[in-house]
Structure formats: C-alpha cells, structure tokens
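Undergrad: File entry_9.pdb follows (PDB, C-alpha atoms, pLDDT in the B column):
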```
ATOM      1  CA  MET P   1       0.000   0.000   0.000  1.00 54.00           C
ATOM      2  CA  HIS P   2       1.449   3.362  -0.995  1.00 49.00           C
ATOM      3  CA  LEU P   3      -0.134   6.721  -0.373  1.00 55.00           C
ATOM      4  CA  ASP P   4       1.416   9.720  -2.088  1.00 47.00           C
ATOM      5  CA  HIS P   5      -0.179  13.137  -1.605  1.00 41.00           C
ATOM      6  CA  GLY P   6       1.003  14.788  -4.778  1.00 38.00           C
ATOM      7  CA  HIS P   7       4.477  14.809  -6.204  1.00 37.00           C
ATOM      8  CA  ASP P   8       7.337  15.568  -3.872  1.00 41.00           C
ATOM      9  CA  HIS P   9       8.343  19.110  -4.742  1.00 38.00           C
ATOM     10  CA  HIS P  10      10.412  19.758  -1.622  1.00 41.00           C
ATOM     11  CA  GLY P  11      14.056  20.127  -2.619  1.00 42.00           C
ATOM     12  CA  ALA P  12      17.092  19.119  -0.593  1.00 41.00           C
ATOM     13  CA  VAL P  13      17.397  21.578   2.282  1.00 39.00           C
ATOM     14  CA  SER P  14      21.121  22.173   2.415  1.00 46.00           C
ATOM     15  CA  ALA P  15      22.541  25.071   0.409  1.00 46.00           C
ATOM     16  CA  ASP P  16      26.046  23.595   0.443  1.00 71.00           C
ATOM     17  CA  ALA P  17      26.144  20.613  -1.888  1.00 77.00           C
ATOM     18  CA  HIS P  18      29.917  20.439  -2.129  1.00 73.00           C
ATOM     19  CA  ARG P  19      32.858  19.311  -0.071  1.00 71.00           C
ATOM     20  CA  PRO P  20      35.779  21.664   0.729  1.00 70.00           C
ATOM     21  CA  ASP P  21      37.667  20.382  -2.334  1.00 72.00           C
ATOM     22  CA  GLY P  22      34.780  21.402  -4.581  1.00 70.00           C
ATOM     23  CA  ALA P  23      33.550  17.859  -5.251  1.00 77.00           C
ATOM     24  CA  ARG P  24      29.842  17.176  -4.879  1.00 82.00           C
ATOM     25  CA  ARG P  25      29.122  15.609  -1.509  1.00 92.00           C
ATOM     26  CA  ALA P  26      26.718  12.763  -0.856  1.00 95.00           C
ATOM     27  CA  LEU P  27      23.016  13.307  -0.301  1.00 97.00           C
ATOM     28  CA  ARG P  28      22.321  12.774   3.407  1.00 97.00           C
ATOM     29  CA  ILE P  29      19.001  11.256   4.457  1.00 98.00           C
ATOM     30  CA  GLY P  30      18.087  10.809   8.120  1.00 96.00           C
ATOM     31  CA  LEU P  31      15.818   8.058   9.433  1.00 95.00           C
ATOM     32  CA  GLY P  32      14.106   8.546  12.774  1.00 92.00           C
ATOM     33  CA  GLY P  33      11.198   7.043  14.677  1.00 92.00           C
ATOM     34  CA  PRO P  34      10.148   5.297  17.889  1.00 90.00           C
ATOM     35  CA  VAL P  35      11.930   2.267  19.313  1.00 87.00           C
ATOM     36  CA  GLY P  36      10.952  -0.916  17.473  1.00 89.00           C
ATOM     37  CA  SER P  37       9.349   0.788  14.484  1.00 93.00           C
ATOM     38  CA  GLY P  38      11.779  -0.844  12.062  1.00 93.00           C
ATOM     39  CA  LYS P  39      14.319   1.884  11.336  1.00 94.00           C
ATOM     40  CA  THR P  40      17.325  -0.428  11.205  1.00 93.00           C
ATOM     41  CA  ALA P  41      15.443  -3.009   9.132  1.00 95.00           C
ATOM     42  CA  THR P  42      14.446  -0.230   6.728  1.00 97.00           C
ATOM     43  CA  VAL P  43      18.066   0.921   6.468  1.00 96.00           C
ATOM     44  CA  ALA P  44      19.147  -2.672   5.797  1.00 96.00           C
ATOM     45  CA  ALA P  45      16.485  -3.113   3.105  1.00 97.00           C
ATOM     46  CA  LEU P  46      17.468   0.163   1.449  1.00 97.00           C
ATOM     47  CA  CYS P  47      21.117  -0.882   1.407  1.00 97.00           C
ATOM     48  CA  ARG P  48      20.266  -4.182  -0.261  1.00 96.00           C
ATOM     49  CA  ALA P  49      18.083  -2.453  -2.838  1.00 97.00           C
ATOM     50  CA  LEU P  50      20.519   0.354  -3.693  1.00 97.00           C
ATOM     51  CA  ARG P  51      24.035  -0.989  -3.157  1.00 96.00           C
ATOM     52  CA  ASP P  52      24.453  -2.396  -6.677  1.00 96.00           C
ATOM     53  CA  SER P  53      23.607   0.886  -8.386  1.00 97.00           C
ATOM     54  CA  LEU P  54      24.791   3.529  -5.916  1.00 97.00           C
ATOM     55  CA  SER P  55      27.791   4.231  -3.738  1.00 97.00           C
ATOM     56  CA  LEU P  56      26.353   4.522  -0.251  1.00 97.00           C
ATOM     57  CA  ALA P  57      27.246   4.394   3.439  1.00 97.00           C
ATOM     58  CA  VAL P  58      25.470   4.405   6.808  1.00 96.00           C
ATOM     59  CA  VAL P  59      25.894   6.174  10.144  1.00 95.00           C
ATOM     60  CA  THR P  60      23.976   4.650  13.073  1.00 91.00           C
ATOM     61  CA  ASN P  61      23.190   6.224  16.457  1.00 87.00           C
ATOM     62  CA  ASP P  62      22.715   4.335  19.736  1.00 80.00           C
ATOM     63  CA  ILE P  63      22.834   5.686  23.265  1.00 66.00           C
ATOM     64  CA  TYR P  64      25.374   3.335  24.871  1.00 59.00           C
ATOM     65  CA  THR P  65      25.961   0.543  22.363  1.00 61.00           C
ATOM     66  CA  ARG P  66      26.687  -0.094  18.691  1.00 70.00           C
ATOM     67  CA  GLU P  67      23.777  -2.500  18.373  1.00 74.00           C
ATOM     68  CA  ASP P  68      22.315  -1.080  15.158  1.00 77.00           C
ATOM     69  CA  ALA P  69      25.673  -0.957  13.396  1.00 83.00           C
ATOM     70  CA  GLU P  70      26.387  -4.526  14.507  1.00 86.00           C
ATOM     71  CA  PHE P  71      23.019  -5.643  13.109  1.00 84.00           C
ATOM     72  CA  LEU P  72      23.930  -4.168   9.723  1.00 89.00           C
ATOM     73  CA  LEU P  73      27.380  -5.753   9.867  1.00 87.00           C
ATOM     74  CA  ARG P  74      25.986  -9.184  10.802  1.00 88.00           C
ATOM     75  CA  ASN P  75      23.593  -9.016   7.867  1.00 87.00           C
ATOM     76  CA  ALA P  76      26.380  -7.906   5.513  1.00 85.00           C
ATOM     77  CA  VAL P  77      24.254  -5.195   3.925  1.00 92.00           C
ATOM     78  CA  LEU P  78      27.399  -3.160   3.170  1.00 94.00           C
ATOM     79  CA  PRO P  79      31.148  -3.684   3.571  1.00 95.00           C
ATOM     80  CA  PRO P  80      32.263  -2.861   7.138  1.00 94.00           C
ATOM     81  CA  GLU P  81      34.212   0.216   6.064  1.00 95.00           C
ATOM     82  CA  ARG P  82      30.956   1.808   4.869  1.00 96.00           C
ATOM     83  CA  ILE P  83      29.268   1.680   8.301  1.00 94.00           C
ATOM     84  CA  ARG P  84      30.018   4.021  11.209  1.00 92.00           C
ATOM     85  CA  ALA P  85      28.488   3.900  14.694  1.00 89.00           C
ATOM     86  CA  VAL P  86      27.941   6.906  16.952  1.00 88.00           C
ATOM     87  CA  GLU P  87      27.340   6.346  20.672  1.00 81.00           C
ATOM     88  CA  THR P  88      25.301   9.368  21.703  1.00 73.00           C
ATOM     89  CA  GLY P  89      25.500   8.898  25.485  1.00 68.00           C
ATOM     90  CA  ALA P  90      22.250  10.844  25.826  1.00 66.00           C
ATOM     91  CA  CYS P  91      18.763  11.075  24.324  1.00 69.00           C
ATOM     92  CA  PRO P  92      19.046  10.181  20.645  1.00 68.00           C
ATOM     93  CA  HIS P  93      17.673  13.510  19.417  1.00 71.00           C
ATOM     94  CA  THR P  94      20.615  15.294  21.055  1.00 77.00           C
ATOM     95  CA  ALA P  95      23.096  13.945  18.513  1.00 79.00           C
ATOM     96  CA  ILE P  96      20.881  14.429  15.471  1.00 86.00           C
ATOM     97  CA  ARG P  97      19.416  17.844  16.301  1.00 85.00           C
ATOM     98  CA  ASP P  98      21.200  19.685  19.126  1.00 81.00           C
ATOM     99  CA  ASP P  99      24.893  18.747  18.988  1.00 85.00           C
ATOM    100  CA  ILE P 100      25.451  17.127  15.601  1.00 90.00           C
ATOM    101  CA  SER P 101      29.254  17.245  15.706  1.00 91.00           C
ATOM    102  CA  ALA P 102      29.782  13.494  16.216  1.00 91.00           C
ATOM    103  CA  ASN P 103      27.485  12.652  13.332  1.00 92.00           C
ATOM    104  CA  LEU P 104      29.041  15.243  11.033  1.00 92.00           C
ATOM    105  CA  GLU P 105      32.473  13.855  11.855  1.00 93.00           C
ATOM    106  CA  ALA P 106      31.290  10.327  11.011  1.00 94.00           C
ATOM    107  CA  VAL P 107      29.784  11.524   7.727  1.00 94.00           C
ATOM    108  CA  GLU P 108      32.969  13.340   6.744  1.00 93.00           C
ATOM    109  CA  GLU P 109      35.151  10.371   7.708  1.00 94.00           C
ATOM    110  CA  LEU P 110      33.078   8.107   5.477  1.00 95.00           C
ATOM    111  CA  GLU P 111      33.390  10.435   2.503  1.00 94.00           C
ATOM    112  CA  ASP P 112      37.138  10.700   3.048  1.00 93.00           C
ATOM    113  CA  ALA P 113      37.588   6.938   3.474  1.00 94.00           C
ATOM    114  CA  VAL P 114      35.296   5.418   0.836  1.00 93.00           C
ATOM    115  CA  GLY P 115      34.102   8.363  -1.256  1.00 80.00           C
ATOM    116  CA  PRO P 116      32.941   9.659  -3.555  1.00 92.00           C
ATOM    117  CA  LEU P 117      29.535   8.640  -2.249  1.00 96.00           C
ATOM    118  CA  ASP P 118      26.083   9.146  -3.721  1.00 96.00           C
ATOM    119  CA  LEU P 119      24.121   8.642  -0.507  1.00 98.00           C
ATOM    120  CA  ILE P 120      24.662   8.518   3.265  1.00 97.00           C
ATOM    121  CA  LEU P 121      21.871   7.209   5.486  1.00 98.00           C
ATOM    122  CA  VAL P 122      21.951   8.553   9.063  1.00 96.00           C
ATOM    123  CA  GLU P 123      19.847   6.441  11.421  1.00 93.00           C
ATOM    124  CA  SER P 124      18.740   7.944  14.709  1.00 89.00           C
ATOM    125  CA  GLY P 125      18.448   5.931  17.869  1.00 80.00           C
ATOM    126  CA  GLY P 126      14.882   5.111  18.912  1.00 69.00           C
ATOM    127  CA  ASP P 127      13.093   8.244  20.021  1.00 69.00           C
ATOM    128  CA  ASN P 128       9.571   9.647  20.308  1.00 70.00           C
ATOM    129  CA  LEU P 129       7.262  11.555  17.962  1.00 77.00           C
ATOM    130  CA  THR P 130       9.182  14.795  18.491  1.00 76.00           C
ATOM    131  CA  ALA P 131      12.434  13.549  16.965  1.00 79.00           C
ATOM    132  CA  THR P 132      13.717  15.614  14.057  1.00 88.00           C
ATOM    133  CA  PHE P 133      17.101  16.037  12.392  1.00 92.00           C
ATOM    134  CA  SER P 134      19.080  19.244  12.157  1.00 91.00           C
ATOM    135  CA  LYS P 135      19.130  20.636   8.623  1.00 92.00           C
ATOM    136  CA  GLY P 136      22.845  21.067   9.163  1.00 92.00           C
ATOM    137  CA  LEU P 137      23.178  17.293   9.300  1.00 94.00           C
ATOM    138  CA  VAL P 138      20.760  15.880   6.710  1.00 96.00           C
ATOM    139  CA  ASP P 139      19.153  17.105   3.506  1.00 96.00           C
ATOM    140  CA  ALA P 140      15.917  15.158   3.957  1.00 97.00           C
ATOM    141  CA  GLN P 141      14.384  13.020   6.675  1.00 96.00           C
ATOM    142  CA  ILE P 142      12.276   9.882   6.855  1.00 97.00           C
ATOM    143  CA  PHE P 143      10.165   9.146   9.927  1.00 96.00           C
ATOM    144  CA  VAL P 144       9.251   5.491  10.547  1.00 96.00           C
ATOM    145  CA  ILE P 145       6.278   4.383  12.630  1.00 95.00           C
ATOM    146  CA  ASP P 146       4.648   0.949  12.730  1.00 96.00           C
ATOM    147  CA  VAL P 147       1.095  -0.373  12.941  1.00 96.00           C
ATOM    148  CA  ALA P 148       1.802  -2.225  16.191  1.00 94.00           C
ATOM    149  CA  GLY P 149       2.244   1.137  17.900  1.00 91.00           C
ATOM    150  CA  GLY P 150      -1.452   1.817  17.325  1.00 92.00           C
ATOM    151  CA  ASP P 151      -3.417   3.196  14.407  1.00 94.00           C
ATOM    152  CA  ASP P 152      -3.856   6.481  16.265  1.00 94.00           C
ATOM    153  CA  ILE P 153      -0.180   7.431  15.891  1.00 93.00           C
ATOM    154  CA  PRO P 154      -0.667   9.507  12.691  1.00 95.00           C
ATOM    155  CA  ARG P 155      -3.556  11.340  14.337  1.00 93.00           C
ATOM    156  CA  LYS P 156      -1.412  12.194  17.377  1.00 91.00           C
ATOM    157  CA  GLY P 157       0.973  14.075  15.126  1.00 88.00           C
ATOM    158  CA  GLY P 158       4.195  15.495  16.488  1.00 90.00           C
ATOM    159  CA  PRO P 159       7.060  16.962  14.433  1.00 91.00           C
ATOM    160  CA  GLY P 160       8.300  13.573  13.247  1.00 91.00           C
ATOM    161  CA  VAL P 161       4.920  12.621  11.817  1.00 94.00           C
ATOM    162  CA  THR P 162       3.877  15.998  10.475  1.00 95.00           C
ATOM    163  CA  THR P 163       7.086  17.485   9.058  1.00 94.00           C
ATOM    164  CA  ALA P 164       9.300  14.597   7.885  1.00 96.00           C
ATOM    165  CA  ASP P 165       9.889  14.617   4.149  1.00 97.00           C
ATOM    166  CA  LEU P 166       8.577  11.037   4.045  1.00 98.00           C
ATOM    167  CA  LEU P 167       6.436   9.245   6.637  1.00 97.00           C
ATOM    168  CA  VAL P 168       6.764   5.456   6.553  1.00 98.00           C
ATOM    169  CA  VAL P 169       4.060   3.298   8.154  1.00 97.00           C
ATOM    170  CA  ASN P 170       5.842  -0.019   8.615  1.00 97.00           C
ATOM    171  CA  LYS P 171       4.815  -3.612   9.442  1.00 97.00           C
ATOM    172  CA  THR P 172       1.519  -3.455   7.560  1.00 97.00           C
ATOM    173  CA  ASP P 173       1.454  -7.268   7.573  1.00 96.00           C
ATOM    174  CA  LEU P 174       0.738  -7.089  11.327  1.00 96.00           C
ATOM    175  CA  ALA P 175      -2.350  -4.891  10.982  1.00 97.00           C
ATOM    176  CA  PRO P 176      -4.907  -7.768  11.154  1.00 96.00           C
ATOM    177  CA  TYR P 177      -3.245  -9.128  14.306  1.00 96.00           C
ATOM    178  CA  VAL P 178      -3.006  -5.880  16.262  1.00 95.00           C
ATOM    179  CA  GLY P 179      -6.320  -4.339  15.224  1.00 95.00           C
ATOM    180  CA  SER P 180      -4.867  -1.450  13.226  1.00 96.00           C
ATOM    181  CA  ASP P 181      -6.954   0.091  10.444  1.00 97.00           C
ATOM    182  CA  LEU P 182      -4.631   1.002   7.556  1.00 97.00           C
ATOM    183  CA  ASP P 183      -7.245   3.098   5.775  1.00 97.00           C
ATOM    184  CA  ARG P 184      -7.759   5.124   8.933  1.00 96.00           C
ATOM    185  CA  MET P 185      -3.995   5.596   9.285  1.00 97.00           C
ATOM    186  CA  ALA P 186      -3.814   6.777   5.680  1.00 97.00           C
ATOM    187  CA  ARG P 187      -6.605   9.308   6.192  1.00 97.00           C
ATOM    188  CA  ASP P 188      -5.149  10.613   9.447  1.00 96.00           C
ATOM    189  CA  ALA P 189      -1.670  10.882   7.946  1.00 96.00           C
ATOM    190  CA  GLY P 190      -3.065  12.812   5.005  1.00 95.00           C
ATOM    191  CA  GLU P 191      -4.824  15.256   7.298  1.00 96.00           C
ATOM    192  CA  GLN P 192      -1.672  15.789   9.353  1.00 95.00           C
ATOM    193  CA  ARG P 193       0.785  16.043   6.446  1.00 95.00           C
ATOM    194  CA  GLY P 194      -1.043  17.735   3.587  1.00 94.00           C
ATOM    195  CA  ASP P 195       0.898  17.102   0.388  1.00 94.00           C
ATOM    196  CA  LEU P 196       3.896  15.438   2.068  1.00 97.00           C
ATOM    197  CA  PRO P 197       4.175  11.777   0.988  1.00 97.00           C
ATOM    198  CA  VAL P 198       3.348   8.678   3.037  1.00 97.00           C
ATOM    199  CA  ALA P 199       4.551   5.137   2.276  1.00 98.00           C
ATOM    200  CA  PHE P 200       3.135   1.914   3.716  1.00 98.00           C
ATOM    201  CA  THR P 201       5.658  -0.919   3.940  1.00 97.00           C
ATOM    202  CA  SER P 202       5.964  -4.539   4.960  1.00 96.00           C
ATOM    203  CA  LEU P 203       9.604  -5.531   4.932  1.00 95.00           C
ATOM    204  CA  ARG P 204       8.655  -9.207   5.105  1.00 92.00           C
ATOM    205  CA  ALA P 205       7.164  -8.939   1.619  1.00 93.00           C
ATOM    206  CA  GLU P 206       9.349  -9.301  -1.458  1.00 91.00           C
ATOM    207  CA  ASN P 207      10.634  -5.836  -2.359  1.00 91.00           C
ATOM    208  CA  GLY P 208       8.473  -4.444   0.440  1.00 95.00           C
ATOM    209  CA  VAL P 209      10.761  -1.425   0.789  1.00 97.00           C
ATOM    210  CA  ALA P 210      10.106  -0.371  -2.829  1.00 97.00           C
ATOM    211  CA  PRO P 211       8.025   2.750  -1.989  1.00 97.00           C
ATOM    212  CA  VAL P 212      10.886   4.086   0.132  1.00 98.00           C
ATOM    213  CA  THR P 213      13.501   3.114  -2.445  1.00 98.00           C
ATOM    214  CA  ASP P 214      11.572   4.966  -5.156  1.00 98.00           C
ATOM    215  CA  TRP P 215      11.341   8.060  -2.967  1.00 98.00           C
ATOM    216  CA  VAL P 216      15.094   7.968  -2.221  1.00 98.00           C
ATOM    217  CA  ARG P 217      15.892   7.669  -5.918  1.00 98.00           C
ATOM    218  CA  GLY P 218      13.687  10.687  -6.581  1.00 97.00           C
ATOM    219  CA  ARG P 219      15.554  12.733  -3.999  1.00 97.00           C
ATOM    220  CA  LEU P 220      18.870  11.660  -5.498  1.00 96.00           C
ATOM    221  CA  ALA P 221      17.751  12.686  -8.977  1.00 95.00           C
ATOM    222  CA  ALA P 222      16.829  16.137  -7.681  1.00 94.00           C
ATOM    223  CA  TRP P 223      20.080  16.384  -5.725  1.00 93.00           C
ATOM    224  CA  THR P 224      22.351  15.531  -8.644  1.00 89.00           C
ATOM    225  CA  ALA P 225      20.380  17.775 -11.001  1.00 84.00           C
TER     226      ALA P 225
END
```
Please express what this file holds, its structure, as structure tokens.
TA:
Amino acid sequence: MHLDHGHDHHGAVSADAHRPDGARRALRIGLGGPVGSGKTATVAALCRALRDSLSLAVVTNDIYTREDAEFLLRNAVLPPERIRAVETGACPHTAIRDDISANLEAVEELEDAVGPLDLILVESGGDNLTATFSKGLVDAQIFVIDVAGGDDIPRKGGPGVTTADLLVVNKTDLAPYVGSDLDRMARDAGEQRGDLPVAFTSLRAENGVAPVTDWVRGRLAAWTA
C-alpha cells in the first residue's frame, strides 16, 4: 500500500552541496522514529536495494551501544568500512538535532575513506514523535512508525509525523493481528501532512521497501540535477 499526496516538490534543504575540495558531496538522508518501528530493518532493506547501483554508506546512532551498526554488519548489507556507529551517550535527538558534531564527523570520515559517495543514510536511535534532524546534518528526513504502535499514531501528530519529508508506516502485515486500520492511518496521515508523501511498507514482503527506495531515488535525482 502506498499513499502519495502529490508529487514531492520539496528540494534538498542544504545550500552547500559540495565538499571543501569542490567535489559534490553525498546526499544525506536521516531516518528517525520510535523504538521498534523498524528503522534499522528499513536501512538494511534500502542498502540491499541500492548498493548495486549507488555508492552509499550508513551512520547509526545508539545511546550506549553499537547494536544497530552490529546488526547491519551481521547481515552484511554493506562492507564494514561503509558503516560508522555513533554512541550518543544521551537522548538520541541530542546527537541528530542539538549537537550534531559526532554525526558530522562520522559523515565526513566516510566520505574521506570510501568516497565519492552518492548517498549517506543517518539512522537515529529510537526516540519519540518529536524527533527531528538538524538541517545542518541531513538534507531530507524519513520518519518510521509501525502499525503495532497503534493506528492512532498519525492522528497524534508530532514533528516527526507531520514534518518529515517522508512518513513510513511499517509492518503493515501485522495490521490484522493488532487491530490497526490502515485506511484510517492513511486518512489521518493525510490530514496531518497535507501534500507530504506517506509510504506503507511490509519488509517481510518481497521488495516491500520499494516505496521508500523509489522516494530515495527521486531525492537523489533532484540532488544531482
């Protein structure tokens, strides 16, 4: 199921598209969302879908561990040198919105080590509906929620739901088992987000990440143009 309220006409937010040497830098896309919504699984699925056609890398954020990075490494979604882990030591939104220095350093290290890159995915640690990325860190942001969290989540709103460049409603295959109404979620998301796009995904389905992959490719096309 894929709901798209009009074409995405929101350009990449950063005015500086180049590295200090003048080369074009990678597009940076942040992924945030509550604990257990499927952010890391979405990152893994995107890596599998895009790694043969794009040069990409990942930065993960965890509070005290490197659990998300280790998950990606165990599943061999990218070579180890293309994955960096940031231990935030505080609420996840601190490192993606308030003090982004550790994440910027990780991004720059990746571009120096394995660049040139087309795309860097920056995954936040699990946070709440207020989590947003600094525009100094990423050019666009994806917010991931899941049906098991309740079909009232889109209606509750919050900056993550209402302002993210793409809202992903994940784990749609669980809807019949947890009593979530996907049509209701689609309507509520549309009311909260206006013309901003919404994608419904089930990563257990073959190519279930396709709506997100298509959106990322669209952002890349606009970025390189």
Undergrad: May I have the residues within 9 Å of Gly33 (chain P) as a PyMOL selection string, using all atoms listed in the file and disregarding those fewer than 6 positions away in the same chain?
TA: chain P and resi 39+124-132+142-145+160-161
Undergrad: In terms of the shortest atom-to-atom distance over all atoms listed in the file, which of P:Arg184, P:Arg28, P:His93, P:His18 is closest to Leu119 (chain P)?
TA: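 Counting all atoms listed in the file, the residue closest to Leu119 (chain P) is P:Arg28.
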Undergrad: Scan for residues within 12 Å of the point (6.1, -10.0, 10.9) in the coordinates of the file, using all atoms listed in the file, and reply as a short mmCIF file (atom, residue, chain, number, x, y, z; two decimals) with C-alpha atoms, keeping the file's coordinate frame.
TA:
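Here's the written file part_14.cif:
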```cif
data_model
loop_
_atom_site.label_atom_id
_atom_site.label_comp_id
_atom_site.auth_asym_id
_atom_site.auth_seq_id
_atom_site.Cartn_x
_atom_site.Cartn_y
_atom_site.Cartn_z
CA SER P 37 9.35 0.79 14.48
CA GLY P 38 11.78 -0.84 12.06
CA ALA P 41 15.44 -3.01 9.13
CA ASP P 146 4.65 0.95 12.73
CA VAL P 147 1.10 -0.37 12.94
CA ALA P 148 1.80 -2.22 16.19
CA ASN P 170 5.84 -0.02 8.62
CA LYS P 171 4.82 -3.61 9.44
CA THR P 172 1.52 -3.46 7.56
CA ASP P 173 1.45 -7.27 7.57
CA LEU P 174 0.74 -7.09 11.33
CA ALA P 175 -2.35 -4.89 10.98
CA PRO P 176 -4.91 -7.77 11.15
CA TYR P 177 -3.24 -9.13 14.31
CA VAL P 178 -3.01 -5.88 16.26
CA THR P 201 5.66 -0.92 3.94
CA SER P 202 5.96 -4.54 4.96
CA LEU P 203 9.60 -5.53 4.93
CA ARG P 204 8.65 -9.21 5.11
CA ALA P 205 7.16 -8.94 1.62
#
```
Undergrad: Identify, on the basis of all atoms listed in the file, every residue whose closest approach to Ala17 (chain P) does not exceed 10 Å; exclude the query and any residue fewer than 6 positions from it along the same chain; express the result as a compact mmCIF listing (two decimals) with C-alpha atoms, in the frame of the given file.
TA:
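As a result, part38.txt now contains:
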```txt
# COMPACT_ATOMS: atom_id res chain seq x y z
CA ALA P 23 33.55 17.86 -5.25
CA ARG P 24 29.84 17.18 -4.88
CA ARG P 25 29.12 15.61 -1.51
CA ALA P 26 26.72 12.76 -0.86
CA LEU P 27 23.02 13.31 -0.30
CA ASP P 139 19.15 17.10 3.51
CA TRP P 223 20.08 16.38 -5.72
CA THR P 224 22.35 15.53 -8.64
```
Undergrad: Can you measure CA of Arg82 (chain P) to CA of Thr163 (chain P) for me? One decimal in Å is fine.
TA: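 Separating CA of Arg82 (chain P) from CA of Thr163 (chain P) is a distance of 28.9 Å.
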Undergrad: Considering all atoms listed in the file, can you say which of P:Val77, P:Ala140, P:Leu166, P:Ile153 comes closest to Asp195 (chain P)?
TA: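 So, comparing all the options, the nearest one is P:Leu166.
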